[in-house]
file work-v2.txt (compact mmCIF, C-alpha atoms (C1' of nucleotides))
# COMPACT_ATOMS: atom_id res chain seq x y z
CA MET X 19 25.76 3.01 -17.62
CA ALA X 20 25.84 0.21 -15.09
CA ASP X 21 22.10 -0.10 -14.74
CA SER X 22 21.35 -0.15 -18.42
CA LEU X 23 19.17 -2.91 -19.74
CA THR X 24 22.00 -3.85 -22.05
CA ASP X 25 24.38 -4.45 -19.16
CA PRO X 26 25.27 -8.18 -18.98
CA LYS X 27 24.25 -8.48 -15.32
CA MET X 28 20.93 -6.86 -16.02
CA ALA X 29 20.47 -9.04 -19.08
CA GLU X 30 20.75 -12.07 -16.81
CA LYS X 31 18.00 -10.75 -14.56
CA LEU X 32 15.79 -10.19 -17.54
CA ASP X 33 16.41 -13.66 -18.92
CA GLY X 34 13.29 -15.04 -20.51
CA LEU X 35 11.66 -11.64 -20.59
CA ARG X 36 10.73 -10.07 -23.85
CA MET X 37 12.18 -6.60 -24.00
CA THR X 38 9.32 -4.99 -25.88
CA LYS X 39 9.34 -1.36 -26.95
CA GLN X 40 6.91 -0.51 -24.17
CA ARG X 41 8.99 -2.16 -21.47
CA LYS X 42 12.08 -0.39 -22.73
CA VAL X 43 10.30 2.97 -22.66
CA VAL X 44 8.95 2.34 -19.15
CA TYR X 45 12.35 1.28 -17.89
CA ASP X 46 14.05 4.30 -19.47
CA VAL X 47 11.50 6.64 -17.94
CA VAL X 48 11.99 5.13 -14.49
CA GLN X 49 15.74 5.66 -14.94
CA GLU X 50 15.24 9.21 -16.13
CA LEU X 51 12.94 10.11 -13.25
CA ALA X 52 14.82 8.00 -10.70
CA ILE X 53 15.53 10.93 -8.44
CA ASP X 54 11.81 11.59 -8.09
CA HIS X 55 10.89 7.98 -7.40
CA PRO X 56 8.01 8.26 -9.86
CA THR X 57 4.55 6.80 -9.38
CA ALA X 58 2.87 4.75 -12.11
CA SER X 59 1.02 7.80 -13.33
CA SER X 60 4.15 9.95 -13.46
CA VAL X 61 5.77 7.23 -15.52
CA TYR X 62 2.69 7.14 -17.74
CA THR X 63 2.74 10.90 -18.34
CA LYS X 64 6.41 10.88 -19.29
CA ALA X 65 6.15 7.68 -21.34
CA LYS X 66 3.39 9.19 -23.46
CA GLU X 67 5.80 11.89 -24.60
CA ILE X 68 7.92 9.16 -26.16
CA MET X 69 5.18 6.71 -27.11
CA PRO X 70 1.85 8.55 -27.30
CA ASN X 71 -0.27 5.42 -27.65
CA ILE X 72 1.02 3.61 -24.58
CA SER X 73 -1.76 2.89 -22.10
CA LEU X 74 -1.79 3.24 -18.35
CA ALA X 75 -2.55 -0.48 -18.05
CA THR X 76 0.56 -1.26 -20.05
CA VAL X 77 2.62 0.99 -17.81
CA TYR X 78 1.29 -0.92 -14.80
CA ASN X 79 2.01 -4.23 -16.51
CA CYS X 80 5.52 -3.20 -17.46
CA LEU X 81 6.28 -1.88 -13.98
CA GLU X 82 5.07 -5.17 -12.51
CA THR X 83 7.06 -7.24 -14.96
CA LEU X 84 10.23 -5.23 -14.43
CA THR X 85 9.75 -5.44 -10.66
CA GLU X 86 9.29 -9.21 -10.78
CA ALA X 87 12.33 -9.54 -12.97
CA GLY X 88 14.33 -7.53 -10.45
CA ALA X 89 15.19 -4.65 -12.77
CA ILE X 90 13.47 -2.08 -10.59
CA THR X 91 11.93 -2.10 -7.12
CA GLN X 92 8.57 -1.00 -5.83
CA VAL X 93 8.70 1.47 -2.98
CA ASN X 94 5.83 2.16 -0.60
CA LEU X 95 5.02 3.97 2.57
CA HIS X 96 1.72 2.98 4.11
CA ARG X 97 -0.84 2.89 1.35
CA GLU X 98 0.28 5.82 -0.72
CA ALA X 99 0.68 5.26 -4.45
CA SER X 100 3.56 2.93 -5.24
CA ARG X 101 6.74 4.52 -6.44
CA PHE X 102 9.45 2.86 -8.49
CA CYS X 103 13.19 2.89 -8.08
CA PRO X 104 15.89 1.61 -10.43
CA ASN X 105 18.59 1.69 -7.73
CA LEU X 106 19.29 -1.96 -7.03
CA GLN X 107 21.83 -1.40 -4.28
CA PRO X 108 20.59 -2.08 -0.74
CA HIS X 109 19.23 1.21 0.50
CA ALA X 110 16.33 2.80 2.34
CA HIS X 111 13.89 5.57 1.42
CA PHE X 112 13.17 8.82 3.15
CA PHE X 113 9.76 10.40 2.54
CA CYS X 114 9.50 14.09 3.35
CA ALA X 115 6.25 14.80 5.15
CA LYS X 116 6.17 18.36 3.87
CA CYS X 117 7.36 18.50 0.26
CA ASP X 118 6.49 14.88 -0.59
CA SER X 119 9.87 14.19 -2.06
CA VAL X 120 11.41 10.76 -1.66
CA PHE X 121 15.09 10.07 -1.65
CA ASP X 122 17.49 7.20 -1.35
CA VAL X 123 19.35 6.72 1.91
CA ASN X 124 22.46 4.57 1.92
CA LEU X 125 23.74 2.38 4.69
CA ASN X 126 26.46 3.95 6.74
CA GLU X 127 29.82 2.54 5.66
CA GLN X 128 31.28 2.67 9.15
CA ALA X 129 30.03 -0.38 11.00
CA ASP X 130 30.48 1.34 14.35
CA ALA X 131 28.50 4.45 13.47
CA SER X 132 25.82 5.48 15.92
CA GLU X 133 23.33 5.83 13.10
CA PRO X 134 23.14 2.95 10.61
CA TRP X 135 21.68 5.18 7.90
CA ASN X 136 23.57 7.88 6.13
CA LEU X 137 20.92 10.60 6.26
CA PRO X 138 21.57 14.06 4.81
CA ASP X 139 22.52 16.59 7.49
CA GLY X 140 19.54 18.33 8.94
CA SER X 141 16.88 15.76 8.15
CA LYS X 142 14.72 14.57 10.98
CA ILE X 143 13.04 11.17 11.20
CA GLN X 144 9.53 11.13 12.63
CA GLU X 145 8.63 7.58 11.78
CA MET X 146 10.47 4.47 10.69
CA ASN X 147 9.19 1.27 9.11
CA VAL X 148 11.09 -1.92 8.60
CA ALA X 149 9.36 -4.80 6.88
CA MET X 150 10.65 -8.07 5.51
CA ARG X 151 9.04 -10.69 3.32
CA GLY X 152 10.19 -14.25 3.23
CA LEU X 153 9.39 -17.71 4.51
CA CYS X 154 8.68 -18.33 8.16
CA PRO X 155 10.16 -21.43 9.85
CA ASN X 156 6.90 -23.40 9.45
CA CYS X 157 6.56 -22.68 5.76
CA GLN X 158 10.23 -23.28 5.12
CA ASP X 159 9.82 -26.93 6.10
CA SER X 160 6.72 -27.78 4.12
CA MET K 15 -1.11 -4.86 31.53
CA ALA K 16 1.49 -2.33 30.49
CA ASP K 17 -0.16 -1.43 27.22
CA SER K 18 -3.63 -0.95 28.61
CA LEU K 19 -5.48 2.23 27.82
CA THR K 20 -5.76 2.84 31.55
CA ASP K 21 -2.00 2.77 32.01
CA PRO K 22 -0.75 6.26 33.04
CA LYS K 23 1.79 6.45 30.21
CA MET K 24 -0.84 5.49 27.68
CA ALA K 25 -3.27 7.93 29.21
CA GLU K 26 -0.74 10.66 28.49
CA LYS K 27 -0.57 9.68 24.84
CA LEU K 28 -4.32 9.78 24.64
CA ASP K 29 -4.54 13.17 26.30
CA GLY K 30 -7.32 15.26 24.83
CA LEU K 31 -8.84 12.24 23.15
CA ARG K 32 -12.35 11.18 24.03
CA MET K 33 -12.26 7.56 25.03
CA THR K 34 -15.54 6.51 23.51
CA LYS K 35 -16.96 3.00 23.78
CA GLN K 36 -16.11 2.35 20.15
CA ARG K 37 -12.49 3.42 20.51
CA LYS K 38 -12.14 1.23 23.55
CA VAL K 39 -13.60 -1.77 21.73
CA VAL K 40 -11.35 -1.19 18.71
CA TYR K 41 -8.28 -0.86 20.90
CA ASP K 42 -9.16 -3.98 22.88
CA VAL K 43 -9.68 -5.96 19.69
CA VAL K 44 -6.32 -4.85 18.30
CA GLN K 45 -4.75 -5.99 21.58
CA GLU K 46 -6.58 -9.28 21.48
CA LEU K 47 -5.63 -10.00 17.88
CA ALA K 48 -2.17 -8.48 18.20
CA ILE K 49 -0.40 -11.67 17.23
CA ASP K 50 -2.27 -11.70 13.91
CA HIS K 51 -1.60 -8.06 13.13
CA PRO K 52 -5.23 -7.62 12.11
CA THR K 53 -6.47 -5.63 9.14
CA ALA K 54 -9.27 -3.07 9.51
CA SER K 55 -11.79 -5.63 8.36
CA SER K 56 -10.56 -8.30 10.80
CA VAL K 57 -10.91 -5.74 13.56
CA TYR K 58 -14.39 -4.92 12.28
CA THR K 59 -15.50 -8.56 12.28
CA LYS K 60 -14.27 -9.11 15.82
CA ALA K 61 -15.55 -5.77 17.12
CA LYS K 62 -19.05 -6.58 15.89
CA GLU K 63 -19.12 -9.58 18.22
CA ILE K 64 -18.81 -7.17 21.12
CA MET K 65 -20.68 -4.20 19.67
CA PRO K 66 -22.93 -5.41 16.84
CA ASN K 67 -23.86 -1.95 15.60
CA ILE K 68 -20.36 -0.63 15.13
CA SER K 69 -19.71 0.41 11.54
CA LEU K 70 -16.72 -0.21 9.35
CA ALA K 71 -16.24 3.54 8.95
CA THR K 72 -16.03 3.88 12.71
CA VAL K 73 -13.46 1.13 12.88
CA TYR K 74 -11.41 2.99 10.28
CA ASN K 75 -11.87 6.25 12.19
CA CYS K 76 -10.89 4.71 15.49
CA LEU K 77 -7.86 3.00 14.02
CA GLU K 78 -6.75 6.29 12.52
CA THR K 79 -7.33 8.18 15.75
CA LEU K 80 -5.49 5.61 17.84
CA THR K 81 -2.64 5.59 15.33
CA GLU K 82 -2.34 9.37 15.40
CA ALA K 83 -2.43 9.33 19.17
CA GLY K 84 0.41 6.82 19.18
CA ALA K 85 -1.53 4.03 20.90
CA ILE K 86 -1.09 1.63 17.97
CA THR K 87 0.91 1.62 14.77
CA GLN K 88 -0.05 1.02 11.19
CA VAL K 89 1.94 -1.68 9.43
CA ASN K 90 2.19 -2.09 5.69
CA LEU K 91 4.03 -4.00 3.06
CA HIS K 92 3.62 -2.62 -0.45
CA ARG K 93 -0.02 -1.83 -0.95
CA GLU K 94 -1.59 -4.71 0.85
CA ALA K 95 -4.33 -3.87 3.35
CA SER K 96 -2.96 -2.04 6.37
CA ARG K 97 -2.49 -4.04 9.52
CA PHE K 98 -2.41 -2.69 13.04
CA CYS K 99 -0.03 -3.40 15.88
CA PRO K 100 -0.28 -2.42 19.55
CA ASN K 101 3.39 -3.19 20.21
CA LEU K 102 4.97 0.22 20.74
CA GLN K 103 8.52 -0.99 21.21
CA PRO K 104 10.84 -0.40 18.24
CA HIS K 105 10.55 -3.51 16.13
CA ALA K 106 10.21 -4.74 12.56
CA HIS K 107 7.67 -6.98 10.83
CA PHE K 108 8.15 -10.22 8.98
CA PHE K 109 5.53 -11.13 6.38
CA CYS K 110 5.44 -14.79 5.40
CA ALA K 111 5.01 -15.12 1.66
CA LYS K 112 3.36 -18.53 2.01
CA CYS K 113 1.02 -18.51 5.02
CA ASP K 114 0.42 -14.74 5.05
CA SER K 115 1.19 -14.48 8.73
CA VAL K 116 2.93 -11.41 10.06
CA PHE K 117 5.07 -11.34 13.15
CA ASP K 118 7.10 -8.94 15.19
CA VAL K 119 10.86 -9.04 14.92
CA ASN K 120 12.91 -7.45 17.66
CA LEU K 121 16.24 -5.72 17.34
CA ASN K 122 19.16 -7.88 18.30
CA GLU K 123 20.34 -6.96 21.78
CA GLN K 124 23.99 -7.61 20.99
CA ALA K 125 25.31 -4.57 19.21
CA ASP K 126 28.02 -6.59 17.51
CA ALA K 127 25.71 -9.26 16.15
CA SER K 128 26.10 -10.09 12.47
CA GLU K 129 22.38 -9.78 11.96
CA PRO K 130 20.68 -6.70 13.46
CA TRP K 131 17.29 -8.44 13.59
CA ASN K 132 16.45 -11.25 15.90
CA LEU K 133 14.65 -13.49 13.42
CA PRO K 134 13.25 -16.86 14.47
CA ASP K 135 15.54 -19.75 13.52
CA GLY K 136 14.78 -21.08 10.10
CA SER K 137 13.14 -18.05 8.60
CA LYS K 138 14.46 -16.77 5.33
CA ILE K 139 14.28 -13.18 4.11
CA GLN K 140 13.52 -12.70 0.44
CA GLU K 141 12.91 -8.98 0.46
CA MET K 142 13.52 -6.15 2.86
CA ASN K 143 12.02 -2.67 2.98
CA VAL K 144 13.14 0.23 5.08
CA ALA K 145 11.23 3.49 4.88
CA MET K 146 11.34 6.61 6.99
CA ARG K 147 9.10 9.63 7.11
CA GLY K 148 10.25 12.97 8.43
CA LEU K 149 11.41 16.37 7.33
CA CYS K 150 14.12 16.79 4.75
CA PRO K 151 16.83 19.44 5.30
CA ASN K 152 15.04 21.94 3.02
CA CYS K 153 11.70 21.61 4.76
CA GLN K 154 13.30 21.67 8.20
CA ASP K 155 14.48 25.22 7.63
CA SER K 156 11.29 26.75 6.30
C1' DG L 23 8.12 -19.62 -44.97
C1' DT L 24 3.68 -21.04 -43.15
C1' DT L 25 1.21 -22.59 -39.34
C1' DT L 26 0.45 -22.81 -34.51
C1' DA L 27 1.26 -21.42 -29.89
C1' DT L 28 2.34 -18.00 -26.60
C1' DA L 29 2.97 -13.40 -24.89
C1' DT L 30 1.82 -8.63 -24.94
C1' DC L 31 -1.03 -4.63 -25.76
C1' DA L 32 -5.03 -1.29 -25.36
C1' DA L 33 -9.30 0.12 -23.51
C1' DG L 34 -12.28 0.09 -20.30
C1' DA L 35 -14.76 -2.36 -16.62
C1' DA L 36 -14.25 -4.09 -12.12
C1' DC L 37 -12.29 -4.40 -7.69
C1' DT L 38 -10.44 -3.35 -2.99
C1' DA L 39 -9.20 -0.67 0.59
C1' DT L 40 -10.08 3.51 2.16
C1' DT L 41 -12.06 8.21 2.70
C1' DC L 42 -15.78 11.41 2.43
C1' DT L 43 -20.59 13.23 3.35
C1' DA L 44 -24.51 14.39 5.83
C1' DA L 45 -27.51 13.33 9.38
C1' DT L 46 -27.84 11.59 14.05
C1' DA L 47 -26.01 10.57 18.59
C1' DA L 48 -22.98 10.77 22.47
C1' DA L 49 -19.32 13.17 25.58
C1' DG L 50 -17.82 16.51 28.62
C1' DG L 51 -17.74 21.26 30.51
C1' DG L 52 -20.44 24.94 32.74
C1' DC T 12 -29.21 19.08 32.69
C1' DC T 13 -28.17 21.94 28.57
C1' DC T 14 -25.11 23.28 25.13
C1' DT T 15 -21.28 22.86 22.22
C1' DT T 16 -18.14 19.96 20.38
C1' DT T 17 -16.82 15.85 18.66
C1' DA T 18 -17.83 11.07 17.23
C1' DT T 19 -20.69 7.65 14.91
C1' DT T 20 -23.33 5.69 11.22
C1' DA T 21 -24.63 4.20 6.57
C1' DG T 22 -23.89 4.69 2.29
C1' DA T 23 -21.77 7.07 -1.62
C1' DA T 24 -17.51 8.26 -3.62
C1' DT T 25 -12.66 7.86 -4.62
C1' DA T 26 -7.80 6.41 -5.77
C1' DG T 27 -4.94 3.18 -7.14
C1' DT T 28 -4.63 -0.88 -9.09
C1' DT T 29 -5.97 -5.28 -11.32
C1' DC T 30 -8.71 -7.89 -14.45
C1' DT T 31 -11.00 -9.02 -18.91
C1' DT T 32 -11.48 -9.14 -23.67
C1' DG T 33 -10.19 -9.02 -28.19
C1' DA T 34 -6.58 -7.54 -31.20
C1' DT T 35 -1.46 -7.80 -32.33
C1' DA T 36 2.85 -9.19 -32.22
C1' DT T 37 6.47 -12.40 -31.49
C1' DA T 38 8.40 -16.98 -31.13
C1' DA T 39 8.39 -22.01 -31.99
C1' DA T 40 7.41 -25.98 -34.74
C1' DC T 41 7.09 -27.89 -38.80
call {"tool": "encode", "arguments": {"input": "work-v2.txt", "output": "C-alpha cells"}}
result
Amino acid sequence: MADSLTDPKMAEKLDGLRMTKQRKVVYDVVQELAIDHPTASSVYTKAKEIMPNISLATVYNCLETLTEAGAITQVNLHREASRFCPNLQPHAHFFCAKCDSVFDVNLNEQADASEPWNLPDGSKIQEMNVAMRGLCPNCQDS
Amino acid sequence: MADSLTDPKMAEKLDGLRMTKQRKVVYDVVQELAIDHPTASSVYTKAKEIMPNISLATVYNCLETLTEAGAITQVNLHREASRFCPNLQPHAHFFCAKCDSVFDVNLNEQADASEPWNLPDGSKIQEMNVAMRGLCPNCQDS
DNA sequence: GTTTATATCAAGAACTATTCTAATAAAGGG
DNA sequence: CCCTTTATTAGAATAGTTCTTGATATAAAC
C-alpha cells in the first residue's frame, strides 16, 4: 500500500528514525483504525492486543515521533483528546456533534465549486475552524 | 463600537443571558486584548486589575457562556491553551511558531485569487488545519 | 567483537488546562 | 422588597499529556 512504512517516499520521511517494534505497531494500528481517527488511548488499547507490554507512555512517544517525522498527523478540535490520521493528502476533518465520529473531507476538485469542501450529502456544518502555523513576517527576517 | 455588548445585534445574541458585572468585565477584557488572542489566564490576570475578587473559575465560566452565546469564539491549535477572539467575521488564525503570536487572517476578497487567505506579506505557512463540527448525514436523519 | 555512546522503553509521578462541587451571593420578575 | 433562579467563588478533582528515572536496546568507534 502507498502509505506503508516500507514505501520509498515514506522511508525518506522517516530518515534517521529508528523503526522500532513499538513504532511499527503504533503506526500499523493508526493505519488499521484510520477511519476512526483514533485517540492515543484507542491506539494503546489496540496496540496491547499485538504487544501486551507496550506502555501508554510509549504510545504517546511513538505518536509524537511519527507526527514529527511526518508519517501521521495530529488532529484536534478545541481541546478534545488528540486524534491521529495517517492520510497525508491535504484534507479537512469533520467532527459529528452527535455520534462523535470524525471523518476526512477532501477538497473539491472543481475550482469553481460553490463549496470548497467535498462534504457528504446531508451533512450540516455548525462551526468551522481554520488555523495555520508558520513564521510571521517579523520572525521570518530574524 | 460595532462589537459592543450594547449593540442591538449583539444584544440579540445575548438574549436570555444575564449580563452580570463579571461577564461584562470578561467581555471587555477580551475586546481589549483582542489583538493578542488572550488565553483564559491572560484574561484572568487583566480582569483582576478591574475586579480584584474575580475568580479563575468565573473567568472560565464567563468565557464559556459568551462563547455559547456567540459573542466570542474559542480558538485552538492542537491542544495548546484555548484563546479567545471577539472578531465574529469569518476568518482564520495564524500562529507564529517563533514568537507565539496569533493573528487574524481574512478571506481573500478576490474569488479568483491563487491564495484564498489574505496573509501578511512575508509570512510562511508550515502547517494548516481545517476542522468542522456539525451533524453527519446519519445523525441528521435521526 | 568489545567498548562506548546514543536512543528508546516502561512505570509512574508530575503537570497544565480545564471542569466540577458545594456554599454563598447577586439578578430579575412579581 | 421577597423569592426563585442563576451566577460566583474557592478549592478539589479530572483528563490528557508530558516528564523523570533507571533499565534495555541499538548503533558507532575502535
call {"tool": "residues_around", "arguments": {"input": "work-v2.txt", "residues": "region 137-149 of chain K", "least_positions_apart": "2", "cutoff": "9 Å", "atoms": "only C-alpha atoms (C1' of nucleotides)", "output": "number ranges by chain"}}
result
X: 93-95, 108-117, 140-158; K: 91, 108, 110-111, 133-135, 151-154
call {"tool": "residues_around", "arguments": {"input": "work-v2.txt", "residues": "Leu51 (chain X)", "least_positions_apart": "6", "cutoff": "9 Å", "atoms": "only C-alpha atoms (C1' of nucleotides)", "output": "list in words"}}
result
Ser60, Val61, Lys64 and Cys103 of chain X
call {"tool": "interface_residues", "arguments": {"input": "work-v2.txt", "of": "chain L", "to": "chain X", "cutoff": "9 Å", "atoms": "all atoms listed in the file", "output": "PDB file with C-alpha atoms (C1' of nucleotides), keeping the file's coordinate frame"}}
result
ATOM      1  C1'  DA L  29       2.970 -13.400 -24.890  1.00  0.00           C
ATOM      2  C1'  DT L  30       1.820  -8.630 -24.940  1.00  0.00           C
ATOM      3  C1'  DC L  31      -1.030  -4.630 -25.760  1.00  0.00           C
ATOM      4  C1'  DA L  32      -5.030  -1.290 -25.360  1.00  0.00           C
ATOM      5  C1'  DA L  33      -9.300   0.120 -23.510  1.00  0.00           C
TER       6       DA L  33
END
call {"tool": "interface_residues", "arguments": {"input": "work-v2.txt", "of": "chain X", "to": "chain T", "cutoff": "9 Å", "atoms": "all atoms listed in the file", "output": "ChimeraX atom specification"}}
result
/X:75,78,98-100
call {"tool": "closest_residue", "arguments": {"input": "work-v2.txt", "among": "K:Phe98, K:Glu123, K:Ser55, K:His92", "to": "chain X", "atoms": "all atoms listed in the file"}}
result
K:His92
call {"tool": "residues_around", "arguments": {"input": "work-v2.txt", "residues": "region 27-34 of chain X", "least_positions_apart": "3", "cutoff": "12 Å", "atoms": "only C-alpha atoms (C1' of nucleotides)", "output": "PyMOL selection string"}}
result
(chain X and resi 19-24+37-38+41-42+45+83-90+104+106) or (chain L and resi 29) or (chain T and resi 38)
call {"tool": "atom_distance", "arguments": {"input": "work-v2.txt", "atom1": "CA of Asn120 (chain K)", "atom2": "CA of Asn132 (chain K)"}}
result
5.5 Å
call {"tool": "atom_distance", "arguments": {"input": "work-v2.txt", "atom1": "CA of His55 (chain X)", "atom2": "CA of Gln107 (chain X)"}}
result
14.7 Å
call {"tool": "atom_distance", "arguments": {"input": "work-v2.txt", "atom1": "CA of Thr57 (chain X)", "atom2": "CA of Val77 (chain X)"}}
result
10.4 Å
call {"tool": "closest_residue", "arguments": {"input": "work-v2.txt", "among": "K:Gln88, K:Asp42, K:Leu121, K:Asn101", "to": "chain X", "atoms": "all atoms listed in the file"}}
result
K:Gln88
call {"tool": "closest_residue", "arguments": {"input": "work-v2.txt", "among": "X:Asn126, X:Val44, X:Ile68, X:Val120", "to": "chain K", "atoms": "all atoms listed in the file"}}
result
X:Val120
call {"tool": "decode", "arguments": {"input": "work-v2.txt", "residues": "chain L", "atoms": "C-alpha atoms (C1' of nucleotides)", "output": "PDB file, in the first residue's frame"}}
result
ATOM      1  C1'  DG L  23      33.916  -8.353  18.754  1.00  0.00           C
ATOM      2  C1'  DT L  24      34.276  -5.305  22.703  1.00  0.00           C
ATOM      3  C1'  DT L  25      33.664  -0.867  24.412  1.00  0.00           C
ATOM      4  C1'  DT L  26      31.357   3.456  24.445  1.00  0.00           C
ATOM      5  C1'  DA L  27      27.750   6.494  23.140  1.00  0.00           C
ATOM      6  C1'  DT L  28      23.097   7.325  21.989  1.00  0.00           C
ATOM      7  C1'  DA L  29      18.266   6.314  21.641  1.00  0.00           C
ATOM      8  C1'  DT L  30      14.242   4.055  23.301  1.00  0.00           C
ATOM      9  C1'  DC L  31      11.316   1.845  26.671  1.00  0.00           C
ATOM     10  C1'  DA L  32       8.337   1.195  30.921  1.00  0.00           C
ATOM     11  C1'  DA L  33       6.254   2.809  35.011  1.00  0.00           C
ATOM     12  C1'  DG L  34       4.678   6.056  37.481  1.00  0.00           C
ATOM     13  C1'  DA L  35       4.905  10.850  39.118  1.00  0.00           C
ATOM     14  C1'  DA L  36       4.032  15.428  37.784  1.00  0.00           C
ATOM     15  C1'  DC L  37       1.959  18.964  35.185  1.00  0.00           C
ATOM     16  C1'  DT L  38      -1.421  22.060  32.809  1.00  0.00           C
ATOM     17  C1'  DA L  39      -5.597  23.486  31.376  1.00  0.00           C
ATOM     18  C1'  DT L  40      -9.967  22.836  32.491  1.00  0.00           C
ATOM     19  C1'  DT L  41     -14.222  21.265  34.876  1.00  0.00           C
ATOM     20  C1'  DC L  42     -16.732  20.072  38.934  1.00  0.00           C
ATOM     21  C1'  DT L  43     -18.663  20.787  43.735  1.00  0.00           C
ATOM     22  C1'  DA L  44     -20.868  22.990  47.362  1.00  0.00           C
ATOM     23  C1'  DA L  45     -21.742  27.055  49.691  1.00  0.00           C
ATOM     24  C1'  DT L  46     -22.675  31.933  49.155  1.00  0.00           C
ATOM     25  C1'  DA L  47     -24.208  35.952  46.586  1.00  0.00           C
ATOM     26  C1'  DA L  48     -26.461  38.567  43.078  1.00  0.00           C
ATOM     27  C1'  DA L  49     -30.205  39.312  39.299  1.00  0.00           C
ATOM     28  C1'  DG L  50     -34.669  39.904  37.764  1.00  0.00           C
ATOM     29  C1'  DG L  51     -39.708  39.059  37.941  1.00  0.00           C
ATOM     30  C1'  DG L  52     -43.955  39.559  40.679  1.00  0.00           C
TER      31       DG L  52
END
